[in-house]
Amino acid sequence: MSEQTGRTDEAATYDMTAAQERWRKVWEELDPFRVGSAGPDAEKRYALTMFPYPSGDLHMGHAEVMALHDVIARYWWQRGYDVLNPIGWDSFGLPAENAAIRNDEHPATYTYANIETQAESFRRYGISFDWSRRLHTSDPEYYRWTQWLFLKFRERGLAYRKNSPVNWCPNDQTVLANEQVVQGMCERCGAEVTKRELNQWYFKVTDYAQRLLDDMDALAGTWPDRVLAMQRNWIGRSEGAHVDFDISLADGSTRTVTVFTTRPDTLYGATFMVVAADAKLAAEVVAPAQQAALAAYVEDVRKATDIDRLSTERPKSGVDLGVTAVNPVTGERMPVWASDYVLADYGTGAIMAVPAHDQRDLDFARAFGLPVRRVVDVPDAEGNPEETFVATTGDGTYVNSGPLDGLADKAAGISRIIEQLEADGRGTGTVNFRLRDWLLSRQRFWGAPIPVVHCPDCGEVPVPEDQLPVRLPDDLRGADLKPKGVSPLAAAEAWVNTECPACGGPAKRDSDTMDTFVDSSWYYLRYLDPHYEDGPFDPAQAREWMPVAQYVGGVEHAILHLLYSRFFTKVLHDMGMVDFVEPFSALLNQGQVINQGKAMSKSLGNGVNLGEMIDRYGVDAVRLTMVFAGPPEDDIDWADMSPGGAVKFLQRAWRLAGDVTAPVGTSAEGGDVALRRATHKTLHEVEQLIEGHRFNVVVARTMELVNVTRKAIDSGCGPADPAVREAVEAVAILLSLVAPYTAEEMWERLGHQPTVARAGWPTVDPALLVEDTVTAVVQIQGKVKARLEVAPDISEADLEQLAMADPAVVRAIDGRPVRKVVVRAPKLVNVVV
RNA sequence: GCCCCGAUAGCCCAACGGCAGAGGCAGUGGUCUCAAACACCAUCCAGUGUGGGUUCGAAUCCCACUCGGGGCACCA
């Protein structure tokens, strides 16, 4: 009902809150996103978003990732795919346990209350989840299979126990995996991590190091490069050699010690050996006279946190072990030292020190007056490291290196030394990984109990499968759960005391629980049938749906969750349970929602409350703001956003629906061609933009279409033109990906039945993508001098002829000889004079 | 120290190696109004962080640097 003023007679706005309430009920009845509803012939696509941890209500970060993820899932539905888009909760973990201690409750109380709150918020937020696949990792029905998988891994030798110095968080009173220690601090609470010697369960991820590395090649292009780089970095493959050194012990015997080095070619420059002070080896080889000194030193090292250890300015420290080792190529005796700069759990825990060509070794040599011998003459070095105390690591010519002398090729030097060592039986070429086994025991309550019984007679006995799940006791609460350095389960007498499944005698349950990352390493498979009884997942469903076609989530899981899930999938593959080796074919990492340049935090007081934003602007405007903010990978600074602008745009789009007067079902054939072209061009372009995850541009294109449609109605073909209906219906369908409530309101106003979410993607008419004429640009020396309206299929020769005949071009050339003419029909001619 | 990513208008961001501007925010002027809000119309605004190179032509490709963000780090 436009008048010449452009004002509408009808109410210029609609009530977003009322729309939200209304459509939610309709959608719940229609259940439009139930998997299988696209028909039996539809291609299947699994859309997955990282499931939330139930701490409180949803926050801005959830709002962002879900909005982005939903664009893909809803687009797939519109394109006719059968989409699996499930939701569940990663519901074991520390916050619930800490809340239980505070409130004198069981952790389940907090957990399941928050899950309900979040579920309600997700529904209001209008995400296209299939709620029938809902799961919670803290349900016995779920963790039964987490435990089952643990037992299978154990059977395959992939879950084992060992004594080892482990990362200990003194605040959370539990051990941590390497992946959970960030800069020497607990990833969760920020406390400084210390070391403890404990007997713990591990998953043997290291067996899969090479495959985890190799299989990443197939993910290149569909996973962010940065995530692949981080995983490669974490796995840390390095090539080198194992070299054997004989140590003459104080009692006259000889002990062979193997070191790992990436520079076996510098072996002639090895002038001493260093072993990790806290490794067994140090205690085993130390001379009696030095035993006390070593013990004192180790005590100092133990006390130091990783923070101290990691400081590179820290002066080198160590203890002479009072024994000597024989350099296998020179035959020279060299002293053996212990130091904390050598790590017990990397390589072999012992190194050959080549001070001339390794700065750390040189610093150590200098601190203790040990000899330095240069064996590589590096041409552009600033001087001899023996004098400058600057180690040279570059390429150069070998000197003081026996048979290598004069050689100037590092690769050749390395392979020659390895050949020599292998011939002498003193070493081998080898590959070393930085990755270490995954420590999965946790001394906390709210996790899946490790399904093992310790029997005084039979030892370690797995709980039989038919006795799974080993349920958590439900009668512990509050103070019962306080961390004591051992799991609270150890004090639950009724729970921990059991009978041995093997001999029937009295025995104790393993009282540790599993790292919650075990739970999340396989949940995507459980979604396929969360109530499946015959195994952790239905293998037939896995064949149908896996791998996940698109995974969306935060980059904070680049190593932890994603590496562990890849590991699990490979093990399941080796067990013959799945027929693929990678769980997630494509990965999208959204950025963070920040405020005023900084991450939102309580201490900064810059938090933005999602519920308040929704109350103020409505769900659609918040979602639209998230999607429109910029490329999905970029951080969104909420302070730079204008959700009010999103509201304005949605109202503007919505008003279009009220202006359409052509009846429902009117063919757009014969409608205004310019508007039809704009509509079809937009739809076509959006298809490609969504494939490329450029959702912000999708919104911009939709805005553009709204603008041209507005113009067509007010000052063009008028509201009755069938092209207007076609355009507005396209707008509603485009908006259904981002702003489902507004889209539904529009769809209804246009006279359609709900739901627009399943209306189907309009068919793009290729004939409408071709323009009658295009503008060709004529440049002289790269500067635009003229524009020509030409047919899109003009030949290069014709275009060149036209261009050269143009008066402006003739004037610009000004009689100069033409050296070259570049023609790119139909868009450009460049004349070089 | 090593490895990634980024830098375009006051701000958020677009631009198959081919006219630097799609969209939005903010601003300015107008229409409407008693006035305002809303809405609508119009409009202002940078030569793409710096320096080189490749090319007929570079925001785009290459090299070096600056700044910002992130990851790894006594890893032998």
# chains A, B, ... in the order shown; residues from 1 in each chain; ligands from 1

call {"tool": "select_by_dssp", "arguments": {"residues": "segment 559-796 of chain A", "states": "strand (DSSP E or B)", "output": "PDB file with N, CA, C and O atoms, in the first residue's frame"}}
result
ATOM      1  N   PHE A 584      35.416 -35.955  10.638  1.00  0.00           N
ATOM      2  CA  PHE A 584      34.828 -34.676  10.240  1.00  0.00           C
ATOM      3  C   PHE A 584      35.405 -34.238   8.893  1.00  0.00           C
ATOM      4  O   PHE A 584      36.548 -33.799   8.816  1.00  0.00           O
ATOM      5  N   LEU A 587      35.518 -28.636   8.439  1.00  0.00           N
ATOM      6  CA  LEU A 587      35.502 -27.974   9.739  1.00  0.00           C
ATOM      7  C   LEU A 587      35.454 -26.468   9.541  1.00  0.00           C
ATOM      8  O   LEU A 587      36.152 -25.928   8.692  1.00  0.00           O
ATOM      9  N   LEU A 588      34.599 -25.826  10.305  1.00  0.00           N
ATOM     10  CA  LEU A 588      34.554 -24.358  10.309  1.00  0.00           C
ATOM     11  C   LEU A 588      34.746 -23.885  11.739  1.00  0.00           C
ATOM     12  O   LEU A 588      34.010 -24.277  12.633  1.00  0.00           O
ATOM     13  N   ASN A 589      35.747 -23.061  11.939  1.00  0.00           N
ATOM     14  CA  ASN A 589      35.990 -22.481  13.268  1.00  0.00           C
ATOM     15  C   ASN A 589      35.504 -21.044  13.273  1.00  0.00           C
ATOM     16  O   ASN A 589      36.073 -20.201  12.580  1.00  0.00           O
ATOM     17  N   GLN A 590      34.470 -20.782  14.037  1.00  0.00           N
ATOM     18  CA  GLN A 590      34.030 -19.400  14.123  1.00  0.00           C
ATOM     19  C   GLN A 590      34.950 -18.635  15.075  1.00  0.00           C
ATOM     20  O   GLN A 590      35.627 -19.223  15.912  1.00  0.00           O
ATOM     21  N   VAL A 593      33.115 -13.957  20.179  1.00  0.00           N
ATOM     22  CA  VAL A 593      32.405 -12.694  20.374  1.00  0.00           C
ATOM     23  C   VAL A 593      33.122 -11.973  21.509  1.00  0.00           C
ATOM     24  O   VAL A 593      33.223 -12.488  22.622  1.00  0.00           O
ATOM     25  N   ILE A 594      33.655 -10.818  21.209  1.00  0.00           N
ATOM     26  CA  ILE A 594      34.373 -10.046  22.220  1.00  0.00           C
ATOM     27  C   ILE A 594      33.630  -8.724  22.421  1.00  0.00           C
ATOM     28  O   ILE A 594      32.644  -8.455  21.745  1.00  0.00           O
ATOM     29  N   ASN A 595      34.104  -7.936  23.341  1.00  0.00           N
ATOM     30  CA  ASN A 595      33.475  -6.626  23.569  1.00  0.00           C
ATOM     31  C   ASN A 595      34.565  -5.604  23.851  1.00  0.00           C
ATOM     32  O   ASN A 595      35.423  -5.821  24.695  1.00  0.00           O
ATOM     33  N   LYS A 598      38.202  -6.820  23.818  1.00  0.00           N
ATOM     34  CA  LYS A 598      38.692  -7.840  24.751  1.00  0.00           C
ATOM     35  C   LYS A 598      37.668  -8.945  24.938  1.00  0.00           C
ATOM     36  O   LYS A 598      36.464  -8.714  24.804  1.00  0.00           O
ATOM     37  N   ALA A 599      38.162 -10.134  25.272  1.00  0.00           N
ATOM     38  CA  ALA A 599      37.259 -11.239  25.589  1.00  0.00           C
ATOM     39  C   ALA A 599      36.359 -10.821  26.742  1.00  0.00           C
ATOM     40  O   ALA A 599      36.790 -10.103  27.649  1.00  0.00           O
ATOM     41  N   ILE A 636      34.049 -11.193  16.513  1.00  0.00           N
ATOM     42  CA  ILE A 636      33.026 -10.154  16.437  1.00  0.00           C
ATOM     43  C   ILE A 636      33.167  -9.278  17.672  1.00  0.00           C
ATOM     44  O   ILE A 636      33.039  -9.767  18.784  1.00  0.00           O
ATOM     45  N   ASP A 637      33.452  -8.013  17.447  1.00  0.00           N
ATOM     46  CA  ASP A 637      33.467  -7.101  18.586  1.00  0.00           C
ATOM     47  C   ASP A 637      32.058  -6.522  18.715  1.00  0.00           C
ATOM     48  O   ASP A 637      31.619  -5.744  17.855  1.00  0.00           O
ATOM     49  N   VAL A 774      26.688  -5.679 -21.476  1.00  0.00           N
ATOM     50  CA  VAL A 774      27.613  -5.476 -20.369  1.00  0.00           C
ATOM     51  C   VAL A 774      28.456  -4.260 -20.695  1.00  0.00           C
ATOM     52  O   VAL A 774      28.587  -3.862 -21.858  1.00  0.00           O
ATOM     53  N   THR A 775      29.012  -3.685 -19.638  1.00  0.00           N
ATOM     54  CA  THR A 775      29.863  -2.523 -19.834  1.00  0.00           C
ATOM     55  C   THR A 775      31.309  -2.978 -19.999  1.00  0.00           C
ATOM     56  O   THR A 775      31.863  -3.622 -19.107  1.00  0.00           O
ATOM     57  N   ALA A 776      31.861  -2.675 -21.164  1.00  0.00           N
ATOM     58  CA  ALA A 776      33.274  -2.983 -21.376  1.00  0.00           C
ATOM     59  C   ALA A 776      34.076  -1.723 -21.073  1.00  0.00           C
ATOM     60  O   ALA A 776      33.679  -0.613 -21.409  1.00  0.00           O
ATOM     61  N   VAL A 777      35.195  -1.919 -20.412  1.00  0.00           N
ATOM     62  CA  VAL A 777      36.042  -0.797 -20.028  1.00  0.00           C
ATOM     63  C   VAL A 777      37.224  -0.752 -20.993  1.00  0.00           C
ATOM     64  O   VAL A 777      37.824  -1.777 -21.279  1.00  0.00           O
ATOM     65  N   VAL A 778      37.505   0.425 -21.482  1.00  0.00           N
ATOM     66  CA  VAL A 778      38.683   0.568 -22.334  1.00  0.00           C
ATOM     67  C   VAL A 778      39.743   1.363 -21.572  1.00  0.00           C
ATOM     68  O   VAL A 778      39.494   2.484 -21.119  1.00  0.00           O
ATOM     69  N   GLN A 779      40.884   0.724 -21.387  1.00  0.00           N
ATOM     70  CA  GLN A 779      41.965   1.390 -20.652  1.00  0.00           C
ATOM     71  C   GLN A 779      43.102   1.739 -21.614  1.00  0.00           C
ATOM     72  O   GLN A 779      43.364   1.028 -22.573  1.00  0.00           O
ATOM     73  N   ILE A 780      43.747   2.860 -21.333  1.00  0.00           N
ATOM     74  CA  ILE A 780      45.012   3.178 -21.992  1.00  0.00           C
ATOM     75  C   ILE A 780      46.059   3.170 -20.885  1.00  0.00           C
ATOM     76  O   ILE A 780      45.911   3.907 -19.900  1.00  0.00           O
ATOM     77  N   LYS A 783      44.683   2.861 -17.465  1.00  0.00           N
ATOM     78  CA  LYS A 783      43.762   3.886 -16.949  1.00  0.00           C
ATOM     79  C   LYS A 783      42.496   3.891 -17.807  1.00  0.00           C
ATOM     80  O   LYS A 783      42.576   3.900 -19.035  1.00  0.00           O
ATOM     81  N   VAL A 784      41.354   3.946 -17.137  1.00  0.00           N
ATOM     82  CA  VAL A 784      40.092   3.869 -17.867  1.00  0.00           C
ATOM     83  C   VAL A 784      39.873   5.151 -18.670  1.00  0.00           C
ATOM     84  O   VAL A 784      39.944   6.252 -18.134  1.00  0.00           O
ATOM     85  N   LYS A 785      39.617   4.983 -19.962  1.00  0.00           N
ATOM     86  CA  LYS A 785      39.389   6.138 -20.815  1.00  0.00           C
ATOM     87  C   LYS A 785      37.994   6.126 -21.433  1.00  0.00           C
ATOM     88  O   LYS A 785      37.513   7.164 -21.880  1.00  0.00           O
ATOM     89  N   ALA A 786      37.381   4.941 -21.520  1.00  0.00           N
ATOM     90  CA  ALA A 786      36.058   4.891 -22.146  1.00  0.00           C
ATOM     91  C   ALA A 786      35.308   3.657 -21.682  1.00  0.00           C
ATOM     92  O   ALA A 786      35.913   2.691 -21.206  1.00  0.00           O
ATOM     93  N   ARG A 787      33.987   3.745 -21.783  1.00  0.00           N
ATOM     94  CA  ARG A 787      33.128   2.599 -21.479  1.00  0.00           C
ATOM     95  C   ARG A 787      32.245   2.321 -22.681  1.00  0.00           C
ATOM     96  O   ARG A 787      31.759   3.252 -23.325  1.00  0.00           O
ATOM     97  N   LEU A 788      32.036   1.057 -22.987  1.00  0.00           N
ATOM     98  CA  LEU A 788      31.213   0.680 -24.130  1.00  0.00           C
ATOM     99  C   LEU A 788      30.154  -0.307 -23.675  1.00  0.00           C
ATOM    100  O   LEU A 788      30.454  -1.221 -22.897  1.00  0.00           O
ATOM    101  N   GLU A 789      28.915  -0.094 -24.147  1.00  0.00           N
ATOM    102  CA  GLU A 789      27.866  -1.089 -23.891  1.00  0.00           C
ATOM    103  C   GLU A 789      27.928  -2.103 -25.027  1.00  0.00           C
ATOM    104  O   GLU A 789      27.746  -1.752 -26.194  1.00  0.00           O
ATOM    105  N   VAL A 790      28.237  -3.350 -24.676  1.00  0.00           N
ATOM    106  CA  VAL A 790      28.395  -4.356 -25.731  1.00  0.00           C
ATOM    107  C   VAL A 790      27.598  -5.605 -25.374  1.00  0.00           C
ATOM    108  O   VAL A 790      27.212  -5.811 -24.217  1.00  0.00           O
TER     109      VAL A 790
END

call {"tool": "residues_around", "arguments": {"residues": "segment 41-56 of chain B", "least_positions_apart": "5", "cutoff": "9 Å", "atoms": "only C-alpha atoms (C1' of nucleotides)", "output": "mmCIF file with N, CA, C and O atoms (P, O5', C5', C4', C3', O3' and C1' of nucleotides), in the first residue's frame"}}
result
data_model
loop_
_atom_site.group_PDB
_atom_site.id
_atom_site.type_symbol
_atom_site.label_atom_id
_atom_site.label_comp_id
_atom_site.auth_asym_id
_atom_site.auth_seq_id
_atom_site.Cartn_x
_atom_site.Cartn_y
_atom_site.Cartn_z
ATOM 1 N N GLN A 781 47.040 2.346 -21.005
ATOM 2 C CA GLN A 781 48.065 2.196 -19.952
ATOM 3 C C GLN A 781 47.424 1.846 -18.607
ATOM 4 O O GLN A 781 47.856 2.319 -17.572
ATOM 5 N N GLY A 782 46.357 1.074 -18.645
ATOM 6 C CA GLY A 782 45.738 0.661 -17.394
ATOM 7 C C GLY A 782 44.795 1.686 -16.786
ATOM 8 O O GLY A 782 44.214 1.448 -15.751
ATOM 9 N N LYS A 820 50.618 -2.661 -28.030
ATOM 10 C CA LYS A 820 49.979 -3.923 -27.666
ATOM 11 C C LYS A 820 48.539 -3.653 -27.267
ATOM 12 O O LYS A 820 48.253 -2.608 -26.678
ATOM 13 N N VAL A 821 47.650 -4.565 -27.602
ATOM 14 C CA VAL A 821 46.261 -4.439 -27.162
ATOM 15 C C VAL A 821 45.846 -5.728 -26.458
ATOM 16 O O VAL A 821 45.932 -6.801 -27.032
ATOM 17 N N VAL A 822 45.477 -5.592 -25.193
ATOM 18 C CA VAL A 822 45.002 -6.752 -24.428
ATOM 19 C C VAL A 822 43.484 -6.719 -24.435
ATOM 20 O O VAL A 822 42.886 -5.729 -24.024
ATOM 21 N N ASN A 830 42.678 -3.207 -22.949
ATOM 22 C CA ASN A 830 43.760 -2.344 -22.454
ATOM 23 C C ASN A 830 44.734 -2.090 -23.595
ATOM 24 O O ASN A 830 45.255 -3.018 -24.212
ATOM 25 N N VAL A 831 44.924 -0.819 -23.891
ATOM 26 C CA VAL A 831 45.808 -0.439 -24.997
ATOM 27 C C VAL A 831 47.130 0.059 -24.421
ATOM 28 O O VAL A 831 47.147 0.929 -23.545
ATOM 29 N N VAL A 832 48.218 -0.537 -24.890
ATOM 30 C CA VAL A 832 49.540 -0.116 -24.430
ATOM 31 C C VAL A 832 50.196 0.667 -25.553
ATOM 32 O O VAL A 832 50.291 0.177 -26.691
ATOM 33 P P A B 7 43.316 -8.358 5.521
ATOM 34 O "O5'" A B 7 43.744 -7.030 6.308
ATOM 35 C "C5'" A B 7 42.855 -6.454 7.265
ATOM 36 C "C4'" A B 7 43.521 -5.256 7.895
ATOM 37 C "C3'" A B 7 43.794 -4.117 6.916
ATOM 38 O "O3'" A B 7 43.551 -2.858 7.552
ATOM 39 C "C1'" A B 7 45.820 -4.852 7.902
ATOM 40 P P U B 8 42.151 -2.187 7.350
ATOM 41 O "O5'" U B 8 42.049 -2.007 5.780
ATOM 42 C "C5'" U B 8 42.877 -1.049 5.119
ATOM 43 C "C4'" U B 8 42.203 -0.589 3.865
ATOM 44 C "C3'" U B 8 40.857 0.081 4.048
ATOM 45 O "O3'" U B 8 40.989 1.442 4.424
ATOM 46 C "C1'" U B 8 40.688 -1.495 2.307
ATOM 47 P P A B 9 40.164 1.978 5.576
ATOM 48 O "O5'" A B 9 39.243 3.131 4.970
ATOM 49 C "C5'" A B 9 39.724 4.464 4.908
ATOM 50 C "C4'" A B 9 38.572 5.431 4.808
ATOM 51 C "C3'" A B 9 37.683 5.517 6.050
ATOM 52 O "O3'" A B 9 37.372 6.890 6.292
ATOM 53 C "C1'" A B 9 36.364 5.131 4.154
ATOM 54 P P G B 10 38.366 7.782 7.071
ATOM 55 O "O5'" G B 10 37.717 7.645 8.518
ATOM 56 C "C5'" G B 10 38.366 8.157 9.663
ATOM 57 C "C4'" G B 10 37.523 7.786 10.843
ATOM 58 C "C3'" G B 10 37.128 6.315 10.887
ATOM 59 O "O3'" G B 10 38.120 5.534 11.505
ATOM 60 C "C1'" G B 10 35.194 7.642 11.132
ATOM 61 P P G B 17 41.502 -14.062 -8.354
ATOM 62 O "O5'" G B 17 41.946 -12.675 -8.949
ATOM 63 C "C5'" G B 17 43.281 -12.485 -9.317
ATOM 64 C "C4'" G B 17 43.413 -11.076 -9.849
ATOM 65 C "C3'" G B 17 42.671 -10.837 -11.162
ATOM 66 O "O3'" G B 17 42.227 -9.486 -11.188
ATOM 67 C "C1'" G B 17 44.949 -10.354 -11.428
ATOM 68 P P A B 20 39.926 1.999 -10.872
ATOM 69 O "O5'" A B 20 39.586 1.245 -9.493
ATOM 70 C "C5'" A B 20 38.796 1.894 -8.563
ATOM 71 C "C4'" A B 20 38.181 0.863 -7.650
ATOM 72 C "C3'" A B 20 37.069 1.446 -6.801
ATOM 73 O "O3'" A B 20 35.857 1.325 -7.528
ATOM 74 C "C1'" A B 20 38.626 0.331 -5.417
ATOM 75 P P G B 27 24.356 9.594 13.693
ATOM 76 O "O5'" G B 27 25.194 10.476 12.657
ATOM 77 C "C5'" G B 27 26.300 11.231 13.098
ATOM 78 C "C4'" G B 27 26.960 11.928 11.948
ATOM 79 C "C3'" G B 27 26.082 12.897 11.165
ATOM 80 O "O3'" G B 27 25.947 14.138 11.825
ATOM 81 C "C1'" G B 27 27.332 11.574 9.664
ATOM 82 P P U B 28 24.594 14.930 11.698
ATOM 83 O "O5'" U B 28 24.639 15.482 10.198
ATOM 84 C "C5'" U B 28 25.658 16.397 9.803
ATOM 85 C "C4'" U B 28 25.530 16.680 8.336
ATOM 86 C "C3'" U B 28 24.130 17.078 7.867
ATOM 87 O "O3'" U B 28 23.843 18.441 8.121
ATOM 88 C "C1'" U B 28 25.000 15.458 6.390
ATOM 89 P P G B 29 22.350 18.876 8.416
ATOM 90 O "O5'" G B 29 21.660 18.810 6.994
ATOM 91 C "C5'" G B 29 22.050 19.725 5.968
ATOM 92 C "C4'" G B 29 21.395 19.358 4.670
ATOM 93 C "C3'" G B 29 19.881 19.220 4.714
ATOM 94 O "O3'" G B 29 19.219 20.468 4.683
ATOM 95 C "C1'" G B 29 20.790 17.402 3.520
ATOM 96 P P G B 30 17.763 20.572 5.332
ATOM 97 O "O5'" G B 30 16.861 19.630 4.432
ATOM 98 C "C5'" G B 30 16.262 20.130 3.253
ATOM 99 C "C4'" G B 30 15.748 19.006 2.393
ATOM 100 C "C3'" G B 30 14.348 18.499 2.710
ATOM 101 O "O3'" G B 30 13.355 19.370 2.198
ATOM 102 C "C1'" G B 30 15.786 16.674 2.282
ATOM 103 P P U B 31 11.980 19.531 2.965
ATOM 104 O "O5'" U B 31 11.210 18.202 2.536
ATOM 105 C "C5'" U B 31 10.864 17.987 1.161
ATOM 106 C "C4'" U B 31 10.148 16.679 1.025
ATOM 107 C "C3'" U B 31 8.993 16.480 1.996
ATOM 108 O "O3'" U B 31 7.804 17.095 1.531
ATOM 109 C "C1'" U B 31 10.355 14.542 1.997
ATOM 110 P P C B 61 47.071 -12.659 -2.848
ATOM 111 O "O5'" C B 61 48.169 -12.988 -3.965
ATOM 112 C "C5'" C B 61 48.046 -14.135 -4.782
ATOM 113 C "C4'" C B 61 49.317 -14.313 -5.589
ATOM 114 C "C3'" C B 61 50.610 -14.067 -4.816
ATOM 115 O "O3'" C B 61 51.002 -15.220 -4.091
ATOM 116 C "C1'" C B 61 50.703 -12.899 -6.861
ATOM 117 P P C B 62 51.840 -15.068 -2.774
ATOM 118 O "O5'" C B 62 53.287 -14.692 -3.308
ATOM 119 C "C5'" C B 62 54.058 -15.621 -4.054
ATOM 120 C "C4'" C B 62 55.401 -15.019 -4.356
ATOM 121 C "C3'" C B 62 56.122 -14.425 -3.157
ATOM 122 O "O3'" C B 62 56.805 -15.404 -2.402
ATOM 123 C "C1'" C B 62 56.179 -12.883 -4.932
ATOM 124 P P C B 63 57.008 -15.177 -0.838
ATOM 125 O "O5'" C B 63 58.156 -14.091 -0.797
ATOM 126 C "C5'" C B 63 59.461 -14.376 -1.290
ATOM 127 C "C4'" C B 63 60.333 -13.156 -1.161
ATOM 128 C "C3'" C B 63 60.345 -12.499 0.212
ATOM 129 O "O3'" C B 63 61.188 -13.164 1.128
ATOM 130 C "C1'" C B 63 60.105 -10.845 -1.446
ATOM 131 P P A B 64 60.851 -13.091 2.684
ATOM 132 O "O5'" A B 64 61.252 -11.592 3.046
ATOM 133 C "C5'" A B 64 62.619 -11.188 3.020
ATOM 134 C "C4'" A B 64 62.714 -9.708 3.283
ATOM 135 C "C3'" A B 64 62.072 -9.231 4.575
ATOM 136 O "O3'" A B 64 62.881 -9.434 5.705
ATOM 137 C "C1'" A B 64 61.434 -7.809 2.799
ATOM 138 P P C B 65 62.184 -9.668 7.122
ATOM 139 O "O5'" C B 65 61.498 -8.249 7.427
ATOM 140 C "C5'" C B 65 62.292 -7.182 7.906
ATOM 141 C "C4'" C B 65 61.537 -5.885 7.821
ATOM 142 C "C3'" C B 65 60.481 -5.650 8.893
ATOM 143 O "O3'" C B 65 61.052 -5.241 10.118
ATOM 144 C "C1'" C B 65 59.635 -4.988 6.787
ATOM 145 P P U B 66 60.266 -5.569 11.481
ATOM 146 O "O5'" U B 66 59.081 -4.508 11.452
ATOM 147 C "C5'" U B 66 59.346 -3.114 11.573
ATOM 148 C "C4'" U B 66 58.048 -2.343 11.589
ATOM 149 C "C3'" U B 66 57.018 -2.861 12.584
ATOM 150 O "O3'" U B 66 57.234 -2.352 13.886
ATOM 151 C "C1'" U B 66 55.985 -2.546 10.479
ATOM 152 P P C B 67 56.878 -3.245 15.157
ATOM 153 O "O5'" C B 67 55.288 -3.164 15.199
ATOM 154 C "C5'" C B 67 54.636 -1.924 15.425
ATOM 155 C "C4'" C B 67 53.174 -2.041 15.062
ATOM 156 C "C3'" C B 67 52.406 -3.150 15.771
ATOM 157 O "O3'" C B 67 52.031 -2.807 17.091
ATOM 158 C "C1'" C B 67 51.887 -3.195 13.469
#

call {"tool": "closest_residue", "arguments": {"among": "B:A26, B:A59, B:C16, B:C72", "to": "chain A", "atoms": "only C-alpha atoms (C1' of nucleotides)"}}
result
B:C72

call {"tool": "interface_residues", "arguments": {"of": "chain B", "to": "chain A", "cutoff": "8 Å", "atoms": "only C-alpha atoms (C1' of nucleotides)", "output": "PyMOL selection string"}}
result
chain B and resi 3-5+11-14+18-19+22-25+31-32+38-40+56-57+71-72+74-76

call {"tool": "atom_distance", "arguments": {"atom1": "atom CA of Glu197 of chain A", "atom2": "atom CA of Tyr160 of chain A"}}
result
16.1 Å

call {"tool": "atom_distance", "arguments": {"atom1": "atom CA of Leu158 of chain A", "atom2": "atom CA of Tyr53 of chain A"}}
result
27.3 Å

call {"tool": "residues_around", "arguments": {"residues": "Arg477 of chain A", "least_positions_apart": "3", "cutoff": "7 Å", "atoms": "only C-alpha atoms (C1' of nucleotides)", "output": "number ranges by chain"}}
result
A: 100-101, 104-106, 480-481

call {"tool": "atom_distance", "arguments": {"atom1": "atom CA of Asp620 of chain A", "atom2": "atom CA of Ala67 of chain A"}}
result
9.6 Å

call {"tool": "select_by_dssp", "arguments": {"residues": "segment 86-170 of chain A", "states": "alpha helix (DSSP H)", "output": "PyMOL selection string"}}
result
chain A and resi 94-103+107-125+140-155

call {"tool": "write_last_selection", "arguments": {"atoms": "C-alpha atoms", "output": "compact mmCIF listing (two decimals), in the first residue's frame"}}
result
# COMPACT_ATOMS: atom_id res chain seq x y z
CA LEU A 94 34.21 -29.93 37.07
CA PRO A 95 31.90 -26.90 37.28
CA ALA A 96 28.95 -29.11 38.23
CA GLU A 97 31.04 -30.81 40.87
CA ASN A 98 32.25 -27.53 42.32
CA ALA A 99 28.69 -26.21 42.36
CA ALA A 100 27.58 -29.38 44.16
CA ILE A 101 30.22 -28.85 46.83
CA ARG A 102 29.12 -25.24 47.27
CA ASN A 103 25.43 -26.02 47.41
CA PRO A 107 26.33 -32.68 40.62
CA ALA A 108 23.40 -34.04 38.64
CA THR A 109 21.15 -31.37 40.13
CA TYR A 110 23.13 -28.49 38.71
CA THR A 111 23.84 -30.31 35.46
CA TYR A 112 20.33 -31.28 34.49
CA ALA A 113 18.83 -27.99 35.60
CA ASN A 114 21.24 -26.12 33.35
CA ILE A 115 20.57 -28.49 30.49
CA GLU A 116 16.88 -27.67 30.69
CA THR A 117 17.64 -23.95 30.75
CA GLN A 118 19.88 -24.24 27.72
CA ALA A 119 17.45 -26.47 25.86
CA GLU A 120 14.73 -23.89 26.38
CA SER A 121 17.05 -21.15 25.11
CA PHE A 122 18.00 -23.15 22.03
CA ARG A 123 14.34 -23.60 21.21
CA ARG A 124 13.67 -19.91 21.54
CA TYR A 125 16.76 -19.20 19.46
CA PRO A 140 24.27 -43.96 32.40
CA GLU A 141 22.83 -44.93 29.04
CA TYR A 142 25.65 -42.94 27.44
CA TYR A 143 28.58 -43.54 29.75
CA ARG A 144 27.91 -47.24 29.70
CA TRP A 145 29.36 -47.11 26.20
CA THR A 146 32.17 -44.75 27.11
CA GLN A 147 33.21 -47.43 29.57
CA TRP A 148 32.71 -50.15 26.97
CA LEU A 149 34.99 -48.30 24.56
CA PHE A 150 37.60 -47.94 27.30
CA LEU A 151 37.55 -51.71 27.81
CA LYS A 152 37.89 -52.33 24.08
CA PHE A 153 40.81 -49.95 23.90
CA ARG A 154 42.35 -51.77 26.85
CA GLU A 155 41.92 -55.12 25.12
